[in-house]
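Working notes, structure below.
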There are 2 protein chains.
Amino acid sequence: MAVRNVIGQSHTRIDAEEKVTGRTKYVADLRLPGMLTCKLLTSTRSHARIVSIDVSQALELPGVHGVITGKDFPDVYFGSGAVQDRRIMAKDEVFYVGEPVAAVAADDEITALEALALIQVEYEDLEVVMDPLAAIGPSAPLVHENAVDFEGYAFSMGGNQGAMLETDRGDVEQAFRDADHVFEETYRSQAINQGFLEPMACAAEVEANGRLTVYASTQGPYLVRSQLASVLDIPLSSIKVVAMEMGGGFGAKLRLAFEAFPALLAKHTGHPVKLINTREEAFTLNGPRLATTIYLKTGVTKEGRIIAREAYTIFDMGAYVGAGPNSGVSHAVGPYKVPNLKLRSYGIYTNKIYVGSYRASGVADMTFAVESHTDSVARQLGMDPMEFRILNAVQEGDTSTTGTTIPKNGLMETLLAVKERMGLPKKLEEGHGVGIALCEWRSGSGPSTASISVNEDGTVSLLTGSVDIAGSDTSLAQIAAEALGIPLGQVVVSKRDTDMAPFTQPTGGSRIVYSQGKAVQMAAEDALKKLYALAANRLGVPADALANSEGRVYVQDNPPQGLTLGQLGRMTLTSPDGPIIGVASLSSLPYAPVYNTQAAEVKVDKETGHVKLIRFVQSQDVGMAINPMSVEGQLEGGAVQGIGRALSEEMLIDDKTGAVRNPSLASYLMPLAVDMPDIETILVSVPSEDGPFGARAVAESPGFGPPAAIANAIYDAIGVRIKDLPFTPERVKAALAGKEFPEALIDVDALREAEERQSGPGKN
Amino acid sequence: MAVRNVIGQSHTRIDAEEKVTGRTKYVADLRLPGMLTCKLLTSTRSHARIVSIDVSQALELPGVHGVITGKDFPDVYFGSGAVQDRRIMAKDEVFYVGEPVAAVAADDEITALEALALIQVEYEDLEVVMDPLAAIGPSAPLVHENAVDFEGYAFSMGGNQGAMLETDRGDVEQAFRDADHVFEETYRSQAINQGFLEPMACAAEVEANGRLTVYASTQGPYLVRSQLASVLDIPLSSIKVVAMEMGGGFGAKLRLAFEAFPALLAKHTGHPVKLINTREEAFTLNGPRLATTIYLKTGVTKEGRIIAREAYTIFDMGAYVGAGPNSGVSHAVGPYKVPNLKLRSYGIYTNKIYVGSYRASGVADMTFAVESHTDSVARQLGMDPMEFRILNAVQEGDTSTTGTTIPKNGLMETLLAVKERMGLPKKLEEGHGVGIALCEWRSGSGPSTASISVNEDGTVSLLTGSVDIAGSDTSLAQIAAEALGIPLGQVVVSKRDTDMAPFTQPTGGSRIVYSQGKAVQMAAEDALKKLYALAANRLGVPADALANSEGRVYVQDNPPQGLTLGQLGRMTLTSPDGPIIGVASLSSLPYAPVYNTQAAEVKVDKETGHVKLIRFVQSQDVGMAINPMSVEGQLEGGAVQGIGRALSEEMLIDDKTGAVRNPSLASYLMPLAVDMPDIETILVSVPSEDGPFGARAVAESPGFGPPAAIANAIYDAIGVRIKDLPFTPERVKAALAGKEFPEALIDVDALREAEERQSGPGKN
């Protein structure tokens, strides 16, 4: 293996100093001359027709520069998922408490809030439906009247059903008949908030040339650009999005959020306009994850091999498809060989805030169900849960649920590493338990581009359209430095906007290091090829006789004969081919799976129901840790998010109004440092085929496993299986008292029948 | 010839609206939080040792945040030309009135000015020399004591001689002996100010990450970056230069100007710091062009063929080499075939502000002398000045003064076009005269890069490191649009900085459309090749079967079969090769000459000496007018600058102190619209081999000819030849009174002898 000089070593983030000294500039730090503050008036009704909106008094208030309502926007629908089912601002009807109804731009926040209070909205209430399991029924009130009419449960969309994902393989009915044992369970995960540090923030300004500049705390500047072009009905090329430093996103900031409001107000008033959410608004106005109910049915042979899986999942989407059921459906088997599948996910409309993204959360929900269920099946078979997993785990050459062939990977290494570190199986004292869970994700791909220019002093400027998350700029700079054989400090990562840098898919889905990193590596290699050509010409040797390291390109057989990158940089200014620019562009990289094995050890107080996490061990195949400190940080951070989801976090949503009842960090309980044990992380490095230097994605999968690992540990400790999240003392006590989560929440038979009808002769 | 859709047609500048509505942001419009104002304390002495500087009182003044002197800068010399002879701020010695001695950063300008008054500088005066013709002598006081000692006039540098340019060809002595006639004359051009609209302006800020961001009104952001790195002794990669909109530069803003002062003060104070020159400072602190004295000797056959030229030029450089004698020396023959040459240019130090650049001004000075002399020779030979020029003009295949072969060009067409339009030769009434002049320039080359990314809607973003001058961004956008077959409005020109865009040489020397435009064309062609590859793949045809126009790539033999760039843009997001980026980089393009013929018709009032310009006709070979409106504007603007130089502009420099005596637009007389006749411009289009779509440089050469054309017209009108600029009524009256400019200003024999001695056996 080649010697690595920059990657594989821990580097402090290149922006560490500005971050810790508080000098990093976020949208909230933007102060443009004449800037106004935007505040939103939102719906107080769960579902109502808007009879009238009177903004005249608000407009008369001194200091108010503009008020917009839904009628000020072009008559277009858009969607953050595949379905165009949403207006950026309510026009004739509101569908949930918190839906934007009007926006004000005023000199300051107090004036803007006063103005909101002066806007008169007359509503006419309509019927509401809050429970997705009720909403799926044929007689439920419709969230959207204009949705396609449908009879019963249907494969095609209709009624309150807004999305559907399905996967089939083999003959699942026959497999269940062949199985020696069949198990059925239902699990439910709670609604959760992404809990990012920096609330949503954006600002907009009409430039002197008439173009719109939008400053946003966003993971997806290009997506904001195209969605904003759509809702404002203006050309994409008339918008520049400046991605500001982002204080956390976790999926919540992938898409267009509130940018359209300051943008339209900037156009109306001629002033720059800024909108910054309060923490309460971060809970009530921005798509969280909503509850998911998952039915799993598993057929197993007497040897313990899983041969069939049926899954029905009901995703509550709130009032719009939003981030929808995502890719959760394909994860309903986990990282196991299951030859016969029937997997269905339904996205159901209810009168709540629309669902948002949160770290592949369909998968996180599914992992809780699948890995709890896997444990439950193993124990019911009398098998050791670890051995049952090892027996059924996918291997290189198997076909994944999505039909790709599983490449070489480190799943088994992660299982064995955790087994060894945790000393499994182990016998613990009464009230203590240990549980494991496997996590499975993919390295995110999608369009990526990078450009690297060599400066005249031999340093390089890296132009990447990606937004920094969790130090990804540092990792990208390391990749460029490694590929070019220069120190990290000689790579400048340019702050960029959508005019400047070519298209890159949003920073999310653990795609940056794998996919954008690959583009950076390729761009660096392109630049290096050009540096070699120049050096070969100047040294009078063929390019393939050259090597490079420590900022020098030299003759392999005669290392003293060479040129530094500084010398080459200066030469580019006069060489016929001119300054050197390396570019790369790619759209999709092959599937590179990511596996993580996690183990939790808990102590359960049967008296109080309190679950104390006392040890947490995880091992992930990261392919190649570009920046080990950063990789470990991501793995720890992901695990902590999963632990929060397991033990304390829950958005309480009023079952009558759909309003969020705990929109505050005082009542929405994110885990604190004192709640956490040391998290032991073991890196496994089985290089991916295509990632930069073999790297795989890192960030999302460690968040998937903790709820199941902890549930399994609780079962190990006290013998009860808790199937709904989070495992609050109340739930643990109730479970101990035999008040278990009801199994038959989903009327699976009705769903199967509806599907049969749809699959009949009439189906195309 | 191919049909052109975007180039060759007049387009309003893409920034026209923001410019005319006053919304364009210049450095002066920058308001960063906590920003301080920087003012400079400058030398009041022409040449003195600095005994002490006491800044303590200034530092105590409330509102003052920092004071720097030369001692605060690293101990480095730098130069704006080839010679490193200058400190960015005086340390132990001052060499001219106006040299920076200290800088203050304060809350506001008034406080900064108060602080300057509190700085105590003790000087010890040294000997001064102001006249370059005196300074060149062996006994003159030395401007720089540490300059190499020299005896008499020497080829090598020494004494007050700071620069030397020379060109030789053939046997000039023999040719003079062979000549039927030999003519000798001496001309002098005056000191002039560039007269840009926006005074020098810059601001600096230390970023949260410790890097330095410099906002500058500059033509050369990359040069500012590297020179600033040098004078602050910090890595080039720690500096980002943001080139702001520039309100005129004309060469004055090519290099590092005052940026180092706010930069160092920003580092010292932690605040952003801004420096904006007053108009007075634009005259006194920033390098103007200084006077040039030119001796010409010409040998001619009796048929009127020029066979020999000797030229000695004394460029006054002020206290530092600055922009120096530039490329003027090679223009001492004009666009004529002259087989035997001996051309010498001396750059001489004096105790004045150092010389700056102003539109190839060595060439402008030389053109006045050469084209006046050419006219004088023709008339003394009894030949028509136009016919004499036609007889001697260079042609395709001739060798230029710099040794390159003259390619196909439109010189003769411009001569004939002006001859015809002006009706030459023509007989005018008493006191009226007509004169002509030829101008010669080259299309500027040097490192150029461009990058074009195709957006998902088929529009493109053009990334170019060049600064817009006179609409060059519009021309570059036209070139990209033409090459891609899309409308101009679908090209976004990105506002850029040195981090973002790869290296490009400064905007100057008429290089942008020719050289940067070529890089843009090549980048567009690179993008188009990739678009063709994608389209070929999707349409199932070979790429070479495709054509493109009007935003569509289609099958040549079946035009309805095709894809719009919008469709292709969307496809790039999912095609394996990803989003499309076209890049190009080049260093030098072949020599492409630029020729302009100008004719002036004047009326001279013998009573008052007033010269009235009543008609001005010019014709230039522009190769291909990318944006005819802009090309004509440049040609008119250039001619107006030359007319100002001919008739009214002159920086009056005190011959005792070297101080500028008329640092104001009220006393430095730039021409007004009422002084101008309509300028008739005839475009000739003989395509260059290498320029984008055949374009040649445009801007500089029209400024060269007016002084000579007007001098020749004055001679035609009243029979006196005025050899020093400008042609004020006083000078015209003096000339009429027989008080001509003294011929023997330069002791040419001494220069020749000194050179002979240097060229002897001891010379290496």
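Chain labels run A, B, ... following the order of the structure tokens; each chain numbers its residues from 1, and ligands are numbered from 1 in the order shown.
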
Exercise. Please provide the set of residues having any atom within 12 Å of region 715-720 of chain B, restricted to only C-alpha atoms, with same-chain residues fewer than 3 positions apart removed, written as a ChimeraX atom specification.
Key: /B:372-373,375-376,379,384-385,425-436,600-607,609-613,708-712,723,727,731-741

Counting only C-alpha atoms, which residues of chain A fall within 7 Å of chain B, and what is the closest atom pair for each with its distance in Å at one decimal, ordered by chain and rising number, as CSV?
```
residue,atom,partner,partner_atom,distance
A:Asp15,CA,B:Asn209,CA,6.2
A:Glu17,CA,B:Asn209,CA,6.3
A:Glu18,CA,B:Ala208,CA,4.7
A:Arg23,CA,B:Ala208,CA,5.0
A:Thr24,CA,B:Ala208,CA,5.8
A:Ala208,CA,B:Glu18,CA,4.8
A:Asn209,CA,B:Glu18,CA,5.0
A:Leu236,CA,B:Asp457,CA,7.0
A:Ser237,CA,B:Thr459,CA,6.5
A:Pro447,CA,B:Gly578,CA,5.4
A:Ser448,CA,B:Gly578,CA,6.8
A:Thr449,CA,B:Pro579,CA,6.9
A:Ser453,CA,B:Pro502,CA,5.5
A:Asn455,CA,B:Phe503,CA,6.9
A:Asp457,CA,B:Leu236,CA,6.9
A:Thr459,CA,B:Ser237,CA,6.5
A:Ser461,CA,B:Asp499,CA,6.0
A:Leu463,CA,B:Met500,CA,6.4
A:Val492,CA,B:Ser237,CA,6.8
A:Ser494,CA,B:Asp499,CA,5.5
A:Asp499,CA,B:Ser494,CA,5.5
A:Met500,CA,B:Ser494,CA,5.8
A:Pro502,CA,B:Ser453,CA,5.5
A:Phe503,CA,B:Pro579,CA,6.4
A:Leu573,CA,B:Pro447,CA,5.5
A:Thr574,CA,B:Ser587,CA,5.6
A:Ser575,CA,B:Ser587,CA,5.9
A:Pro576,CA,B:Ser587,CA,4.9
A:Asp577,CA,B:Leu586,CA,4.7
A:Gly578,CA,B:Ser587,CA,3.9
A:Pro579,CA,B:Ser585,CA,5.9
A:Ile580,CA,B:Ser585,CA,6.9
A:Ser585,CA,B:Gly578,CA,5.2
A:Leu586,CA,B:Gly578,CA,4.0
A:Ser587,CA,B:Gly578,CA,3.9
A:Ser588,CA,B:Pro576,CA,5.9
```

Could you take the residues named above and write them with N, CA, C and O atoms, as a CSV table (one decimal), in the first residue's frame?
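Result file part22.csv:
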```csv
chain,number,residue,atom,x,y,z
A,15,ASP,N,-11.1,25.1,9.6
A,15,ASP,CA,-11.9,26.3,10.1
A,15,ASP,C,-12.0,26.2,11.6
A,15,ASP,O,-12.8,26.9,12.2
A,17,GLU,N,-10.2,27.4,14.1
A,17,GLU,CA,-9.9,28.6,14.9
A,17,GLU,C,-11.1,29.6,14.7
A,17,GLU,O,-11.5,30.1,15.7
A,18,GLU,N,-11.5,29.8,13.5
A,18,GLU,CA,-12.6,30.7,13.4
A,18,GLU,C,-13.9,30.3,14.1
A,18,GLU,O,-14.7,31.0,14.6
A,23,ARG,N,-15.7,33.7,15.3
A,23,ARG,CA,-15.6,34.6,14.3
A,23,ARG,C,-16.3,34.2,12.9
A,23,ARG,O,-16.3,34.9,12.0
A,24,THR,N,-16.6,32.9,12.9
A,24,THR,CA,-17.3,32.4,11.7
A,24,THR,C,-18.6,33.2,11.4
A,24,THR,O,-19.3,33.5,12.4
A,208,ALA,N,-27.7,45.0,-7.9
A,208,ALA,CA,-27.8,46.1,-8.8
A,208,ALA,C,-28.1,45.7,-10.2
A,208,ALA,O,-28.8,46.4,-11.0
A,209,ASN,N,-27.7,44.5,-10.6
A,209,ASN,CA,-28.0,44.0,-12.0
A,209,ASN,C,-29.3,43.3,-12.1
A,209,ASN,O,-29.6,42.7,-13.1
A,236,LEU,N,-33.6,30.3,-13.5
A,236,LEU,CA,-32.6,29.8,-12.6
A,236,LEU,C,-31.3,30.7,-12.6
A,236,LEU,O,-30.7,30.9,-11.6
A,237,SER,N,-31.0,31.1,-13.8
A,237,SER,CA,-29.8,31.9,-14.0
A,237,SER,C,-29.9,33.3,-13.4
A,237,SER,O,-28.9,34.0,-13.4
A,447,PRO,N,-24.5,13.8,-8.7
A,447,PRO,CA,-23.6,14.7,-9.4
A,447,PRO,C,-22.6,15.4,-8.5
A,447,PRO,O,-23.0,16.0,-7.5
A,448,SER,N,-21.3,15.4,-8.9
A,448,SER,CA,-20.3,16.0,-8.1
A,448,SER,C,-19.3,16.6,-9.1
A,448,SER,O,-19.0,16.0,-10.1
A,449,THR,N,-18.8,17.8,-8.8
A,449,THR,CA,-17.8,18.4,-9.7
A,449,THR,C,-16.7,19.0,-8.8
A,449,THR,O,-17.0,19.4,-7.6
A,453,SER,N,-7.1,24.8,-9.1
A,453,SER,CA,-6.2,25.6,-9.9
A,453,SER,C,-4.9,25.7,-9.1
A,453,SER,O,-4.9,25.9,-7.9
A,455,ASN,N,-1.8,27.7,-8.1
A,455,ASN,CA,-1.4,29.1,-8.0
A,455,ASN,C,0.1,29.2,-8.4
A,455,ASN,O,0.8,28.2,-8.4
A,457,ASP,N,2.5,30.1,-6.8
A,457,ASP,CA,3.5,29.7,-5.7
A,457,ASP,C,3.4,28.2,-5.4
A,457,ASP,O,4.0,27.8,-4.5
A,459,THR,N,0.9,26.6,-4.4
A,459,THR,CA,-0.3,26.2,-3.6
A,459,THR,C,-1.5,26.1,-4.6
A,459,THR,O,-1.4,26.4,-5.8
A,461,SER,N,-5.9,26.2,-5.3
A,461,SER,CA,-7.2,26.6,-4.8
A,461,SER,C,-8.2,25.5,-5.3
A,461,SER,O,-8.2,25.2,-6.4
A,463,LEU,N,-12.0,24.5,-5.7
A,463,LEU,CA,-13.3,25.0,-5.9
A,463,LEU,C,-14.3,23.9,-5.9
A,463,LEU,O,-14.3,23.0,-6.7
A,492,VAL,N,-6.1,25.8,-0.5
A,492,VAL,CA,-7.1,26.8,-0.1
A,492,VAL,C,-8.5,26.4,-0.6
A,492,VAL,O,-8.6,26.1,-1.8
A,494,SER,N,-12.0,27.4,-1.5
A,494,SER,CA,-12.6,28.6,-1.8
A,494,SER,C,-14.0,28.7,-1.3
A,494,SER,O,-14.8,27.7,-1.5
A,499,ASP,N,-23.0,30.7,-8.6
A,499,ASP,CA,-22.5,31.2,-9.9
A,499,ASP,C,-21.1,30.7,-10.2
A,499,ASP,O,-20.8,30.5,-11.3
A,500,MET,N,-20.4,30.5,-9.1
A,500,MET,CA,-18.9,30.3,-9.2
A,500,MET,C,-18.6,28.8,-9.4
A,500,MET,O,-17.7,28.5,-10.2
A,502,PRO,N,-19.4,24.8,-10.2
A,502,PRO,CA,-20.4,24.1,-10.9
A,502,PRO,C,-21.2,23.2,-10.0
A,502,PRO,O,-20.8,22.9,-8.8
A,503,PHE,N,-22.3,22.6,-10.5
A,503,PHE,CA,-23.3,21.9,-9.8
A,503,PHE,C,-22.7,20.8,-9.0
A,503,PHE,O,-21.9,20.0,-9.4
A,573,LEU,N,3.0,30.3,-15.8
A,573,LEU,CA,2.6,31.6,-16.3
A,573,LEU,C,3.2,31.9,-17.6
A,573,LEU,O,2.8,32.8,-18.3
A,574,THR,N,4.3,31.2,-18.0
A,574,THR,CA,4.9,31.5,-19.2
A,574,THR,C,5.0,30.3,-20.2
A,574,THR,O,5.3,30.4,-21.3
A,575,SER,N,4.6,29.1,-19.7
A,575,SER,CA,4.6,27.9,-20.5
A,575,SER,C,3.4,28.0,-21.5
A,575,SER,O,2.4,28.6,-21.2
A,576,PRO,N,3.5,27.5,-22.6
A,576,PRO,CA,2.4,27.6,-23.7
A,576,PRO,C,1.1,27.2,-23.2
A,576,PRO,O,0.1,27.8,-23.6
A,577,ASP,N,1.0,26.2,-22.3
A,577,ASP,CA,-0.3,25.7,-21.9
A,577,ASP,C,-0.9,26.5,-20.8
A,577,ASP,O,-2.0,26.3,-20.4
A,578,GLY,N,-0.2,27.5,-20.3
A,578,GLY,CA,-0.7,28.4,-19.3
A,578,GLY,C,-1.0,27.8,-18.0
A,578,GLY,O,-0.5,26.7,-17.7
A,579,PRO,N,-1.6,28.6,-17.1
A,579,PRO,CA,-1.9,28.2,-15.7
A,579,PRO,C,-2.7,26.8,-15.7
A,579,PRO,O,-3.4,26.5,-16.7
A,580,ILE,N,-2.4,26.1,-14.7
A,580,ILE,CA,-3.0,24.7,-14.6
A,580,ILE,C,-4.3,24.7,-13.9
A,580,ILE,O,-4.4,25.2,-12.7
A,585,SER,N,-15.7,15.8,-13.0
A,585,SER,CA,-17.2,15.8,-13.0
A,585,SER,C,-17.6,14.4,-13.0
A,585,SER,O,-17.1,13.6,-13.8
A,586,LEU,N,-18.6,14.0,-12.2
A,586,LEU,CA,-19.1,12.7,-12.2
A,586,LEU,C,-20.6,12.7,-11.7
A,586,LEU,O,-21.0,13.7,-11.1
A,587,SER,N,-21.3,11.8,-12.1
A,587,SER,CA,-22.7,11.7,-11.8
A,587,SER,C,-23.0,10.6,-10.7
A,587,SER,O,-23.5,10.9,-9.7
A,588,SER,N,-22.6,9.4,-11.1
A,588,SER,CA,-22.9,8.4,-10.1
A,588,SER,C,-21.7,7.5,-9.9
A,588,SER,O,-21.0,7.2,-10.9
```

Quiz item: Among region 457-692 of chain B, which residues carry a DSSP assignment of strand (DSSP E), reported as an NGL selection string?
Solution: :B and (460-464 or 491-493 or 546-549 or 552-555 or 558-564 or 581-586 or 593-604 or 611-621 or 679-684)

Quiz prompt | Close residues, Gly322 (chain B) itself excluded, 12 Å, only C-alpha atoms, min 6 positions apart in chain, as an MDAnalysis selection string | solution = chainID B and resid 78:87 162:163 251:252 254:257 286:290 315:316 347:349 352:358

Quiz prompt | CA of Val338 (chain B) to CA of Ala308 (chain B), straight-line distance in Å | solution = 6.0 Å

Self-check item: Selection near Val377 (chain A), 10 Å with only C-alpha atoms, sequence-local residues under 4 positions removed, as a PyMOL selection string
Solution: chain A and resi 181-185+298-300+304+306+371-373+381-383+385+388

Preceding selection exported with N, CA and C atoms as an mmCIF file, in the first residue's frame:
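The result, written out as result-v5.cif:
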```
data_model
loop_
_atom_site.group_PDB
_atom_site.id
_atom_site.type_symbol
_atom_site.label_atom_id
_atom_site.label_comp_id
_atom_site.auth_asym_id
_atom_site.auth_seq_id
_atom_site.Cartn_x
_atom_site.Cartn_y
_atom_site.Cartn_z
ATOM 1 N N HIS A 181 -40.662 -21.470 11.055
ATOM 2 C CA HIS A 181 -41.214 -20.535 12.036
ATOM 3 C C HIS A 181 -41.546 -19.235 11.337
ATOM 4 N N VAL A 182 -42.646 -18.630 11.758
ATOM 5 C CA VAL A 182 -43.027 -17.314 11.226
ATOM 6 C C VAL A 182 -43.284 -16.389 12.420
ATOM 7 N N PHE A 183 -42.723 -15.203 12.318
ATOM 8 C CA PHE A 183 -42.862 -14.234 13.410
ATOM 9 C C PHE A 183 -43.451 -12.943 12.868
ATOM 10 N N GLU A 184 -44.331 -12.340 13.649
ATOM 11 C CA GLU A 184 -44.930 -11.060 13.256
ATOM 12 C C GLU A 184 -44.807 -10.076 14.409
ATOM 13 N N GLU A 185 -44.350 -8.888 14.125
ATOM 14 C CA GLU A 185 -44.280 -7.847 15.163
ATOM 15 C C GLU A 185 -44.531 -6.479 14.531
ATOM 16 N N THR A 298 -41.644 -12.437 9.430
ATOM 17 C CA THR A 298 -40.407 -13.101 9.047
ATOM 18 C C THR A 298 -40.579 -14.618 9.078
ATOM 19 N N GLY A 299 -40.119 -15.265 7.991
ATOM 20 C CA GLY A 299 -40.124 -16.723 7.936
ATOM 21 C C GLY A 299 -38.708 -17.239 8.104
ATOM 22 N N VAL A 300 -38.516 -18.211 8.994
ATOM 23 C CA VAL A 300 -37.180 -18.706 9.320
ATOM 24 C C VAL A 300 -37.179 -20.232 9.250
ATOM 25 N N GLY A 304 -32.322 -21.639 11.459
ATOM 26 C CA GLY A 304 -32.124 -20.228 11.798
ATOM 27 C C GLY A 304 -31.852 -19.324 10.606
ATOM 28 N N ILE A 306 -33.103 -16.929 7.676
ATOM 29 C CA ILE A 306 -34.275 -16.119 7.306
ATOM 30 C C ILE A 306 -34.558 -16.383 5.829
ATOM 31 N N GLU A 371 -33.932 -4.411 13.608
ATOM 32 C CA GLU A 371 -32.930 -4.952 14.522
ATOM 33 C C GLU A 371 -33.518 -5.357 15.877
ATOM 34 N N SER A 372 -34.634 -4.753 16.260
ATOM 35 C CA SER A 372 -35.350 -5.262 17.445
ATOM 36 C C SER A 372 -35.968 -6.612 17.107
ATOM 37 N N HIS A 373 -36.589 -6.657 15.932
ATOM 38 C CA HIS A 373 -37.266 -7.865 15.473
ATOM 39 C C HIS A 373 -36.264 -9.009 15.296
ATOM 40 N N LEU A 381 -36.038 -18.192 18.805
ATOM 41 C CA LEU A 381 -35.496 -19.450 18.270
ATOM 42 C C LEU A 381 -34.512 -20.087 19.244
ATOM 43 N N GLY A 382 -34.199 -19.355 20.327
ATOM 44 C CA GLY A 382 -33.206 -19.857 21.276
ATOM 45 C C GLY A 382 -31.791 -19.722 20.786
ATOM 46 N N MET A 383 -31.578 -18.824 19.829
ATOM 47 C CA MET A 383 -30.230 -18.628 19.297
ATOM 48 C C MET A 383 -29.600 -17.384 19.900
ATOM 49 N N PRO A 385 -28.190 -13.892 19.717
ATOM 50 C CA PRO A 385 -28.490 -12.848 18.719
ATOM 51 C C PRO A 385 -27.291 -12.517 17.824
ATOM 52 N N PHE A 388 -26.913 -15.497 15.379
ATOM 53 C CA PHE A 388 -28.014 -15.455 14.406
ATOM 54 C C PHE A 388 -27.714 -14.428 13.311
#
```

Considering only C-alpha atoms, return as a CSV table (one decimal) with N, CA, C and O atoms, in the first residue's frame whatever protein or nucleic-acid residues lie within 8 Å of Asp92 (chain B), sequence-local ones (same chain, fewer than 6 positions apart) excluded.
```
chain,number,residue,atom,x,y,z
B,49,ARG,N,16.9,62.3,4.7
B,49,ARG,CA,17.0,61.2,5.6
B,49,ARG,C,15.9,61.4,6.7
B,49,ARG,O,15.6,62.5,7.1
B,50,ILE,N,15.3,60.3,7.1
B,50,ILE,CA,14.3,60.4,8.2
B,50,ILE,C,15.1,60.2,9.5
B,50,ILE,O,15.6,59.1,9.7
B,51,VAL,N,15.1,61.3,10.2
B,51,VAL,CA,15.9,61.2,11.5
B,51,VAL,C,15.0,60.5,12.6
B,51,VAL,O,15.5,59.6,13.3
```

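When CA of Gly485 (chain A) is paired with CA of Val622 (chain A), their separation reads 22.8 Å.
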
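The residue that comes closest to Val698 (chain A), out of A:Ser139, A:Gln161, A:Ser361, A:Asn596 and on the basis of only C-alpha atoms, is A:Asn596.
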
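Counting from CA of Ile679 (chain A), the distance to CA of Gly509 (chain A) is 22.9 Å.
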
Considering only C-alpha atoms, return as a PDB file with N, CA and C atoms, in the first residue's frame whatever protein or nucleic-acid residues lie within 12 Å of Pro62 (chain B), sequence-local ones (same chain, fewer than 6 positions apart) excluded.
```
ATOM      1  N   ALA B 105      -5.054  54.453  11.041  1.00  0.00           N
ATOM      2  CA  ALA B 105      -6.414  53.911  10.927  1.00  0.00           C
ATOM      3  C   ALA B 105      -7.225  54.473  12.080  1.00  0.00           C
ATOM      4  N   ALA B 106      -8.308  55.128  11.731  1.00  0.00           N
ATOM      5  CA  ALA B 106      -9.136  55.767  12.758  1.00  0.00           C
ATOM      6  C   ALA B 106     -10.602  55.547  12.445  1.00  0.00           C
ATOM      7  N   ASP B 107     -11.425  55.899  13.428  1.00  0.00           N
ATOM      8  CA  ASP B 107     -12.858  55.662  13.265  1.00  0.00           C
ATOM      9  C   ASP B 107     -13.441  56.387  12.060  1.00  0.00           C
ATOM     10  N   ASP B 108     -12.897  57.548  11.748  1.00  0.00           N
ATOM     11  CA  ASP B 108     -13.434  58.299  10.625  1.00  0.00           C
ATOM     12  C   ASP B 108     -12.322  59.127   9.994  1.00  0.00           C
ATOM     13  N   ILE B 110     -11.970  62.393   9.531  1.00  0.00           N
ATOM     14  CA  ILE B 110     -11.535  63.611  10.226  1.00  0.00           C
ATOM     15  C   ILE B 110     -10.544  63.261  11.326  1.00  0.00           C
ATOM     16  N   THR B 111     -10.856  62.214  12.089  1.00  0.00           N
ATOM     17  CA  THR B 111      -9.938  61.792  13.150  1.00  0.00           C
ATOM     18  C   THR B 111      -8.610  61.336  12.546  1.00  0.00           C
ATOM     19  N   ALA B 112      -8.687  60.617  11.440  1.00  0.00           N
ATOM     20  CA  ALA B 112      -7.463  60.146  10.797  1.00  0.00           C
ATOM     21  C   ALA B 112      -6.605  61.328  10.355  1.00  0.00           C
ATOM     22  N   GLU B 114      -6.650  64.368  11.647  1.00  0.00           N
ATOM     23  CA  GLU B 114      -6.121  64.987  12.873  1.00  0.00           C
ATOM     24  C   GLU B 114      -4.903  64.222  13.355  1.00  0.00           C
ATOM     25  N   ALA B 115      -4.990  62.912  13.303  1.00  0.00           N
ATOM     26  CA  ALA B 115      -3.870  62.084  13.770  1.00  0.00           C
ATOM     27  C   ALA B 115      -2.631  62.310  12.908  1.00  0.00           C
TER      28      ALA B 115
END
```

Exercise. Would you mind listing what lies within 7 Å of Ala524 (chain B) as a VMD selection string, with only C-alpha atoms counted and same-chain residues fewer than 4 positions away left out?
Key: chain B and resid 452 480 483 to 484 520 528 582
